[in-house]
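Raw input_29.tsv, TSV, C-alpha atoms:
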chain	number	residue	atom	x	y	z
M	29	MET	CA	-39.54	26.09	-2.80
M	30	GLU	CA	-35.81	26.11	-3.15
M	31	PHE	CA	-34.94	23.57	-0.44
M	32	LYS	CA	-37.26	20.78	-1.69
M	33	ASN	CA	-34.79	19.53	-4.27
M	34	MET	CA	-31.24	18.71	-3.22
M	35	VAL	CA	-29.27	19.17	-6.42
M	36	GLN	CA	-25.80	18.26	-5.25
M	37	VAL	CA	-23.70	16.62	-2.54
M	38	GLY	CA	-20.07	17.77	-2.33
M	39	LEU	CA	-17.21	15.60	-1.09
M	40	VAL	CA	-13.78	16.94	-0.13
M	41	VAL	CA	-10.87	14.61	-0.91
M	42	SER	CA	-7.09	14.79	-0.85
M	43	ASP	CA	-6.58	13.15	-4.25
M	44	ILE	CA	-9.24	13.89	-6.85
M	45	GLU	CA	-7.74	11.59	-9.49
M	46	ARG	CA	-7.94	8.61	-7.13
M	47	ALA	CA	-11.47	9.42	-5.94
M	48	ARG	CA	-12.63	10.02	-9.53
M	49	ALA	CA	-11.22	6.68	-10.69
M	50	LEU	CA	-12.94	4.82	-7.83
M	51	TRP	CA	-16.32	6.51	-8.35
M	52	ALA	CA	-16.15	5.93	-12.12
M	53	LYS	CA	-15.51	2.23	-11.50
M	54	LEU	CA	-18.34	2.02	-8.96
M	55	LEU	CA	-20.81	3.82	-11.24
M	56	GLU	CA	-19.53	2.05	-14.36
M	57	VAL	CA	-19.10	5.32	-16.26
M	58	GLU	CA	-16.26	7.18	-17.99
M	59	GLU	CA	-14.20	9.49	-15.81
M	60	PRO	CA	-15.61	13.04	-16.08
M	61	PRO	CA	-13.20	15.94	-16.74
M	62	ILE	CA	-11.44	17.68	-13.86
M	63	VAL	CA	-11.75	21.47	-13.87
M	64	GLU	CA	-10.17	24.13	-11.70
M	65	THR	CA	-11.94	27.05	-10.07
M	66	GLU	CA	-11.28	30.33	-11.89
M	67	ASP	CA	-8.74	32.98	-10.89
M	68	TRP	CA	-9.64	35.38	-8.12
M	69	ASP	CA	-10.11	38.21	-10.65
M	70	PHE	CA	-13.08	36.22	-11.89
M	71	THR	CA	-14.39	34.48	-8.75
M	72	HIS	CA	-13.99	37.35	-6.26
M	73	MET	CA	-13.96	34.59	-3.67
M	74	LYS	CA	-14.36	35.43	0.00
M	75	PHE	CA	-13.73	32.92	2.77
M	76	ARG	CA	-15.15	33.94	6.16
M	77	GLY	CA	-15.32	37.56	5.12
M	78	GLU	CA	-11.79	37.87	3.71
M	79	ALA	CA	-10.81	37.87	0.05
M	80	SER	CA	-8.98	34.61	-0.61
M	81	LYS	CA	-7.12	33.09	-3.52
M	82	GLY	CA	-7.94	29.57	-2.30
M	83	ARG	CA	-8.69	27.27	-5.20
M	84	ALA	CA	-9.80	23.73	-5.91
M	85	LYS	CA	-9.96	21.02	-8.53
M	86	LEU	CA	-13.51	19.83	-9.18
M	87	THR	CA	-15.20	16.96	-10.95
M	88	PHE	CA	-18.89	16.10	-11.27
M	89	PHE	CA	-20.71	12.76	-11.56
M	90	LYS	CA	-24.32	12.95	-12.73
M	91	LEU	CA	-26.37	10.46	-10.77
M	92	GLU	CA	-30.01	9.80	-11.67
M	93	ASN	CA	-31.44	12.21	-9.12
M	94	MET	CA	-28.60	14.62	-8.36
M	95	VAL	CA	-24.97	15.50	-8.91
M	96	LEU	CA	-22.04	14.23	-6.88
M	97	GLU	CA	-19.30	16.89	-6.75
M	98	ILE	CA	-15.77	15.90	-5.81
M	99	ILE	CA	-13.44	18.65	-4.61
M	100	GLU	CA	-9.69	18.71	-3.98
M	101	PRO	CA	-8.42	21.95	-2.46
M	102	ILE	CA	-5.20	23.08	-4.16
M	103	GLY	CA	-3.86	25.79	-1.90
M	104	GLY	CA	-4.98	29.02	-0.28
M	105	PRO	CA	-7.56	29.46	2.47
M	106	SER	CA	-10.98	28.05	1.64
M	107	THR	CA	-13.83	26.16	3.23
M	108	TRP	CA	-12.57	23.07	1.37
M	109	GLN	CA	-9.01	23.37	2.70
M	110	ASN	CA	-10.29	24.13	6.18
M	111	PHE	CA	-12.57	21.07	6.13
M	112	LEU	CA	-9.79	18.78	4.91
M	113	GLU	CA	-7.36	20.01	7.58
M	114	LYS	CA	-9.89	19.80	10.39
M	115	HIS	CA	-11.88	16.68	9.51
M	116	GLY	CA	-10.04	14.83	6.78
M	117	GLU	CA	-11.85	13.54	3.70
M	118	GLY	CA	-15.62	13.53	3.92
M	119	ILE	CA	-18.94	15.05	2.92
M	120	HIS	CA	-18.56	18.82	2.86
M	121	HIS	CA	-21.93	20.23	1.76
M	122	ILE	CA	-25.39	19.76	0.34
M	123	ALA	CA	-26.53	22.19	-2.36
M	124	PHE	CA	-29.76	23.80	-3.50
M	125	VAL	CA	-30.47	26.02	-6.51
M	126	VAL	CA	-32.05	29.33	-5.56
M	127	GLU	CA	-33.80	32.04	-7.56
M	128	ASN	CA	-33.20	34.79	-5.04
M	129	ALA	CA	-29.91	34.19	-3.24
M	130	ASP	CA	-30.32	37.10	-0.81
M	131	GLU	CA	-33.73	35.91	0.30
M	132	SER	CA	-32.64	32.25	0.67
M	133	MET	CA	-29.51	33.32	2.53
M	134	ARG	CA	-31.62	35.40	4.90
M	135	LYS	CA	-33.68	32.31	5.80
M	136	LEU	CA	-30.52	30.41	6.74
M	137	LEU	CA	-28.86	33.29	8.57
M	138	GLU	CA	-31.95	33.90	10.71
M	139	ASN	CA	-31.87	30.20	11.65
M	140	GLY	CA	-28.32	30.56	13.02
M	141	ALA	CA	-26.04	30.04	10.00
M	142	SER	CA	-22.89	32.04	9.31
M	143	GLU	CA	-21.48	33.04	5.93
M	144	GLU	CA	-18.65	30.62	5.18
M	145	GLN	CA	-17.59	31.34	1.60
M	146	LYS	CA	-18.87	32.89	-1.58
M	147	GLY	CA	-17.67	33.20	-5.14
M	148	ARG	CA	-18.55	33.20	-8.79
M	149	PHE	CA	-18.14	30.62	-11.52
M	150	LYS	CA	-18.87	30.83	-15.22
M	151	GLY	CA	-22.63	31.31	-15.51
M	152	GLY	CA	-23.42	31.92	-11.86
M	153	GLY	CA	-22.24	31.94	-8.31
M	154	TYR	CA	-22.53	30.30	-4.91
M	155	PHE	CA	-22.73	30.95	-1.21
M	156	TYR	CA	-21.72	28.41	1.43
M	157	LEU	CA	-23.55	28.92	4.71
M	158	ASP	CA	-22.25	27.13	7.77
M	159	SER	CA	-25.49	25.80	9.25
M	160	ARG	CA	-23.88	22.90	11.08
M	161	LYS	CA	-24.99	24.04	14.53
M	162	SER	CA	-28.54	24.80	13.40
M	163	LEU	CA	-29.48	22.54	10.48
M	164	GLY	CA	-26.61	20.03	10.80
M	165	ALA	CA	-24.85	20.81	7.50
M	166	ILE	CA	-22.89	23.28	5.45
M	167	ILE	CA	-25.41	24.38	2.83
M	168	GLU	CA	-24.51	25.69	-0.60
M	169	LEU	CA	-26.85	28.06	-2.40
M	170	LEU	CA	-26.26	28.01	-6.15
M	171	TYR	CA	-27.60	30.71	-8.46
M	172	TYR	CA	-27.39	31.00	-12.22
M	173	GLU	CA	-27.31	34.08	-14.38
M	174	LYS	CA	-30.39	34.55	-16.56
V	21	MET	CA	-27.04	-0.05	-10.76
V	22	GLU	CA	-27.34	0.56	-7.07
V	23	PHE	CA	-25.13	3.65	-6.81
V	24	LYS	CA	-26.89	5.70	-9.53
V	25	ASN	CA	-29.63	6.90	-7.21
V	26	MET	CA	-28.71	8.53	-3.91
V	27	VAL	CA	-31.74	7.88	-1.77
V	28	GLN	CA	-30.71	9.61	1.42
V	29	VAL	CA	-28.34	12.06	3.09
V	30	GLY	CA	-27.89	11.65	6.85
V	31	LEU	CA	-27.02	14.51	9.21
V	32	VAL	CA	-25.81	14.01	12.79
V	33	VAL	CA	-26.96	16.65	15.26
V	34	SER	CA	-26.84	17.18	19.03
V	35	ASP	CA	-30.48	18.26	19.38
V	36	ILE	CA	-32.92	16.60	17.01
V	37	GLU	CA	-35.93	18.62	18.18
V	38	ARG	CA	-34.16	21.88	17.35
V	39	ALA	CA	-32.88	20.66	13.97
V	40	ARG	CA	-36.31	19.23	13.09
V	41	ALA	CA	-38.04	22.51	13.94
V	42	LEU	CA	-35.59	24.51	11.79
V	43	TRP	CA	-35.82	22.16	8.79
V	44	ALA	CA	-39.64	22.07	9.03
V	45	LYS	CA	-39.70	25.87	8.97
V	46	LEU	CA	-37.27	26.01	6.04
V	47	LEU	CA	-39.20	23.41	4.04
V	48	GLU	CA	-42.59	24.81	5.11
V	49	VAL	CA	-43.85	21.38	6.20
V	50	GLU	CA	-45.16	19.80	9.41
V	51	GLU	CA	-42.58	18.34	11.75
V	52	PRO	CA	-42.21	14.61	10.99
V	53	PRO	CA	-42.31	12.13	13.92
V	54	ILE	CA	-39.13	11.28	15.82
V	55	VAL	CA	-38.45	7.56	16.21
V	56	GLU	CA	-35.80	5.67	18.15
V	57	THR	CA	-33.69	2.82	16.85
V	58	GLU	CA	-34.89	-0.55	18.15
V	59	ASP	CA	-33.39	-2.47	21.10
V	60	TRP	CA	-30.25	-4.47	20.51
V	61	ASP	CA	-32.22	-7.74	20.66
V	62	PHE	CA	-33.83	-6.58	17.44
V	63	THR	CA	-31.07	-4.58	15.72
V	64	HIS	CA	-28.10	-6.85	16.51
V	65	MET	CA	-26.05	-3.71	15.93
V	66	LYS	CA	-22.30	-3.92	15.53
V	67	PHE	CA	-20.01	-0.89	15.57
V	68	ARG	CA	-16.51	-1.54	14.21
V	69	GLY	CA	-16.87	-5.26	14.74
V	70	GLU	CA	-18.17	-5.16	18.32
V	71	ALA	CA	-21.76	-5.63	19.45
V	72	SER	CA	-22.98	-2.25	20.69
V	73	LYS	CA	-26.11	-0.96	22.37
V	74	GLY	CA	-25.56	2.51	20.89
V	75	ARG	CA	-28.84	4.07	19.88
V	76	ALA	CA	-30.18	7.16	18.18
V	77	LYS	CA	-33.27	9.26	17.64
V	78	LEU	CA	-34.17	9.66	13.98
V	79	THR	CA	-36.45	11.79	11.87
V	80	PHE	CA	-36.96	11.91	8.11
V	81	PHE	CA	-37.87	14.73	5.74
V	82	LYS	CA	-39.03	13.67	2.27
V	83	LEU	CA	-37.58	16.06	-0.27
V	84	GLU	CA	-38.65	15.88	-3.92
V	85	ASN	CA	-35.72	13.75	-5.02
V	86	MET	CA	-34.48	12.07	-1.83
V	87	VAL	CA	-34.82	11.78	1.92
V	88	LEU	CA	-33.03	13.91	4.48
V	89	GLU	CA	-32.38	11.87	7.64
V	90	ILE	CA	-31.59	13.64	10.91
V	91	ILE	CA	-29.89	11.63	13.63
V	92	GLU	CA	-29.22	12.38	17.28
V	93	PRO	CA	-27.12	9.75	19.05
V	94	ILE	CA	-28.54	8.95	22.49
V	95	GLY	CA	-25.81	6.97	24.20
V	96	GLY	CA	-23.65	3.92	23.60
V	97	PRO	CA	-20.88	3.53	21.03
V	98	SER	CA	-22.00	4.10	17.45
V	99	THR	CA	-20.81	5.70	14.23
V	100	TRP	CA	-23.20	8.58	15.00
V	101	GLN	CA	-21.81	9.19	18.51
V	102	ASN	CA	-18.26	8.84	17.23
V	103	PHE	CA	-18.87	11.36	14.44
V	104	LEU	CA	-20.48	13.88	16.82
V	105	GLU	CA	-17.60	13.62	19.31
V	106	LYS	CA	-14.92	13.83	16.66
V	107	HIS	CA	-16.36	16.32	14.18
V	108	GLY	CA	-19.38	17.98	15.79
V	109	GLU	CA	-22.63	18.34	13.90
V	110	GLY	CA	-22.46	17.68	10.20
V	111	ILE	CA	-23.21	15.44	7.24
V	112	HIS	CA	-22.59	11.85	8.28
V	113	HIS	CA	-23.43	9.68	5.27
V	114	ILE	CA	-24.96	9.25	1.85
V	115	ALA	CA	-27.17	6.20	1.29
V	116	PHE	CA	-28.02	3.84	-1.54
V	117	VAL	CA	-30.58	1.03	-1.71
V	118	VAL	CA	-29.06	-2.30	-2.71
V	119	GLU	CA	-30.55	-5.59	-3.86
V	120	ASN	CA	-27.55	-7.68	-2.88
V	121	ALA	CA	-25.87	-6.16	0.16
V	122	ASP	CA	-22.96	-8.64	0.16
V	123	GLU	CA	-22.12	-7.90	-3.46
V	124	SER	CA	-22.41	-4.12	-3.04
V	125	MET	CA	-20.35	-4.24	0.13
V	126	ARG	CA	-17.67	-6.20	-1.69
V	127	LYS	CA	-17.38	-3.43	-4.29
V	128	LEU	CA	-16.76	-0.85	-1.57
V	129	LEU	CA	-14.41	-3.01	0.49
V	130	GLU	CA	-12.24	-3.77	-2.53
V	131	ASN	CA	-11.97	-0.02	-3.14
V	132	GLY	CA	-10.53	0.49	0.34
V	133	ALA	CA	-13.57	0.90	2.63
V	134	SER	CA	-13.85	-0.57	6.13
V	135	GLU	CA	-16.98	-1.87	7.81
V	136	GLU	CA	-18.13	0.85	10.20
V	137	GLN	CA	-21.49	-0.30	11.53
V	138	LYS	CA	-24.36	-2.59	10.70
V	139	GLY	CA	-27.78	-3.34	12.11
V	140	ARG	CA	-31.40	-4.14	11.39
V	141	PHE	CA	-34.54	-2.05	11.45
V	142	LYS	CA	-38.17	-3.03	10.93
V	143	GLY	CA	-38.38	-4.23	7.34
V	144	GLY	CA	-34.70	-4.32	6.51
V	145	GLY	CA	-31.18	-3.52	7.52
V	146	TYR	CA	-28.15	-1.38	6.81
V	147	PHE	CA	-24.39	-1.37	6.55
V	148	TYR	CA	-22.25	1.73	6.96
V	149	LEU	CA	-18.95	1.51	5.11
V	150	ASP	CA	-16.25	4.02	5.93
V	151	SER	CA	-15.09	4.97	2.45
V	152	ARG	CA	-13.82	8.41	3.42
V	153	LYS	CA	-10.23	7.70	2.41
V	154	SER	CA	-11.22	6.12	-0.91
V	155	LEU	CA	-14.51	7.61	-2.12
V	156	GLY	CA	-14.63	10.62	0.23
V	157	ALA	CA	-17.71	9.59	2.25
V	158	ILE	CA	-19.25	7.20	4.72
V	159	ILE	CA	-21.66	5.21	2.56
V	160	GLU	CA	-24.78	3.49	3.84
V	161	LEU	CA	-26.13	0.46	2.04
V	162	LEU	CA	-29.83	-0.06	2.76
V	163	TYR	CA	-31.61	-3.31	2.03
V	164	TYR	CA	-35.23	-4.23	2.45
V	165	GLU	CA	-36.80	-7.61	3.17
V	166	LYS	CA	-38.89	-8.97	0.33

Would you give me this structure, written as structure tokens?
Amino acid sequence: MEFKNMVQVGLVVSDIERARALWAKLLEVEEPPIVETEDWDFTHMKFRGEASKGRAKLTFFKLENMVLEIIEPIGGPSTWQNFLEKHGEGIHHIAFVVENADESMRKLLENGASEEQKGRFKGGGYFYLDSRKSLGAIIELLYYEK
Amino acid sequence: MEFKNMVQVGLVVSDIERARALWAKLLEVEEPPIVETEDWDFTHMKFRGEASKGRAKLTFFKLENMVLEIIEPIGGPSTWQNFLEKHGEGIHHIAFVVENADESMRKLLENGASEEQKGRFKGGGYFYLDSRKSLGAIIELLYYEK
């Protein structure tokens, strides 16, 4: 049951270095590395149905029971950039790992979600579904290559 | 270390019955009960420094690794009502259980948070700190009576 375990919460910020430093201090851990999303040739990212070269810097803190992802959009249309412009810094999504992305996506779409963004990363890919008006959140479905 | 374990994610919605029905279907569980926050005489709620009779309906889904809280504001000034008016439905907060609320609050305030709301519930109490411009999220500190 893919939605029983929330693997990640994603925060959008305007300054990832600052947010990373503050979280590292709060958690009393070393600062994790900052990575950038891959080029479009690799990600094939689509934002609201259109191919987009929007990118972001990312960093990940492993908590005991899940991962806290921190995201700074760095130009180009994306769900992250759109969220930052519209709402300012805040909690962007909750994420679940799925075995069958099409099937899990179908469950969200039939509940009233819309496809917000999708793309690939090394080892897998993701879909963001905008389920704010149905489930109260943007939900990320993460899948990994086998 | 109080911030190592994220115990809860809280979503603000405009119709808790609808959101509860959709989450119950998605998680393949029974619908949990809906409760209302207590009267002000019990909660002593303050929103941004002012006593407020703002209230909400709440329901809780236990996931494997944390609790998903769904919140519908039902009148009166509150962080929930303010979020719904300003941003629409979405992810309102992430929560951590603390042993020493004053000490944990100090850590957030010194990082640039502001006190957003506080109140009591049966068996404990909570503080919401607006850390969106520092840590990227509204953070709830939950404490329980011993």

Would you kindly return, as a PDB file with C-alpha atoms, in the coordinates of the input, each protein, DNA or RNA residue with an atom no farther than 12 Å from any atom of Lys153 (chain V), considering only C-alpha atoms and excluding same-chain residues fewer than 4 positions away?
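Final output, saved to part.pdb:
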ATOM      1  CA  LEU M  39     -17.210  15.600  -1.090  1.00  0.00           C
ATOM      2  CA  VAL M  40     -13.780  16.940  -0.130  1.00  0.00           C
ATOM      3  CA  VAL M  41     -10.870  14.610  -0.910  1.00  0.00           C
ATOM      4  CA  SER M  42      -7.090  14.790  -0.850  1.00  0.00           C
ATOM      5  CA  ASP M  43      -6.580  13.150  -4.250  1.00  0.00           C
ATOM      6  CA  ILE M  44      -9.240  13.890  -6.850  1.00  0.00           C
ATOM      7  CA  ARG M  46      -7.940   8.610  -7.130  1.00  0.00           C
ATOM      8  CA  ALA M  47     -11.470   9.420  -5.940  1.00  0.00           C
ATOM      9  CA  LEU M  50     -12.940   4.820  -7.830  1.00  0.00           C
ATOM     10  CA  LEU M 112      -9.790  18.780   4.910  1.00  0.00           C
ATOM     11  CA  HIS M 115     -11.880  16.680   9.510  1.00  0.00           C
ATOM     12  CA  GLY M 116     -10.040  14.830   6.780  1.00  0.00           C
ATOM     13  CA  GLU M 117     -11.850  13.540   3.700  1.00  0.00           C
ATOM     14  CA  GLY M 118     -15.620  13.530   3.920  1.00  0.00           C
ATOM     15  CA  ILE M 119     -18.940  15.050   2.920  1.00  0.00           C
TER      16      ILE M 119
ATOM     17  CA  LEU V 128     -16.760  -0.850  -1.570  1.00  0.00           C
ATOM     18  CA  LEU V 129     -14.410  -3.010   0.490  1.00  0.00           C
ATOM     19  CA  ASN V 131     -11.970  -0.020  -3.140  1.00  0.00           C
ATOM     20  CA  GLY V 132     -10.530   0.490   0.340  1.00  0.00           C
ATOM     21  CA  ALA V 133     -13.570   0.900   2.630  1.00  0.00           C
ATOM     22  CA  SER V 134     -13.850  -0.570   6.130  1.00  0.00           C
ATOM     23  CA  LEU V 149     -18.950   1.510   5.110  1.00  0.00           C
ATOM     24  CA  ALA V 157     -17.710   9.590   2.250  1.00  0.00           C
ATOM     25  CA  ILE V 158     -19.250   7.200   4.720  1.00  0.00           C
ATOM     26  CA  ILE V 159     -21.660   5.210   2.560  1.00  0.00           C
TER      27      ILE V 159
END

Next on the checklist: One decimal, in Å: what's the spacing between CA of Arg160 (chain M) and CA of Tyr172 (chain M)?
Outcome noted: 24.9 Å

With all atoms of region 108-111 of chain M from the file as input, state the centre and edge lengths in Å to one decimal of the axis-aligned box that has 5 Å extra on each side, as lines of an AutoDock Vina configuration file.
center_x = -10.8
center_y = 22.6
center_z = 3.8
size_x = 13.6
size_y = 13.1
size_z = 14.8

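The residue that comes closest to Met34 (chain M), out of M:Phe124, M:Trp108, M:Tyr171, M:Tyr154 and on the basis of all atoms listed in the file, is M:Phe124.
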
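What separates CA of Lys66 (chain V) from CA of Glu136 (chain V) is a distance of 8.3 Å.
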
Item to check | Residues within 12 Å of (-12.7, 8.2, -15.1), counting only C-alpha atoms, listed as a count of residues only | outcome: 22

Checklist entry - Using all atoms listed in the file, which of V:Met65, V:Leu78, V:Leu162, V:Ile90 sits nearest Ser124 (chain V)? => result V:Leu162

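The coordinates place CA of Thr107 (chain M) at 6.8 Å from CA of Phe75 (chain M).
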
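Distances here use all atoms listed in the file; by that measure, the residue among V:Lys166, V:Lys138, V:Lys73, V:His112 closest to chain M is V:His112.
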
Item to check | Residue nearest chain V - candidates M:Arg83, M:Lys150, M:Arg134, M:His121, atoms counted: all atoms listed in the file | outcome: M:His121

Checklist entry - Within 12 Å of Asp61 (chain V), counting all atoms listed in the file, which residues qualify if same-chain residues fewer than 3 places away don't, as a VMD selection string? => result chain V and resid 57 to 58 64 to 66 71 to 73 139 to 141

Item to check | V:Ile91, V:Val27, V:Val118, V:Leu83 ranked by distance to chain M, top pick (using only C-alpha atoms) | outcome: V:Leu83

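Among the candidates V:Leu88, V:Phe62, V:Gln137, V:Gly74, the residue lying nearest to chain M is V:Leu88 (atoms considered: only C-alpha atoms).
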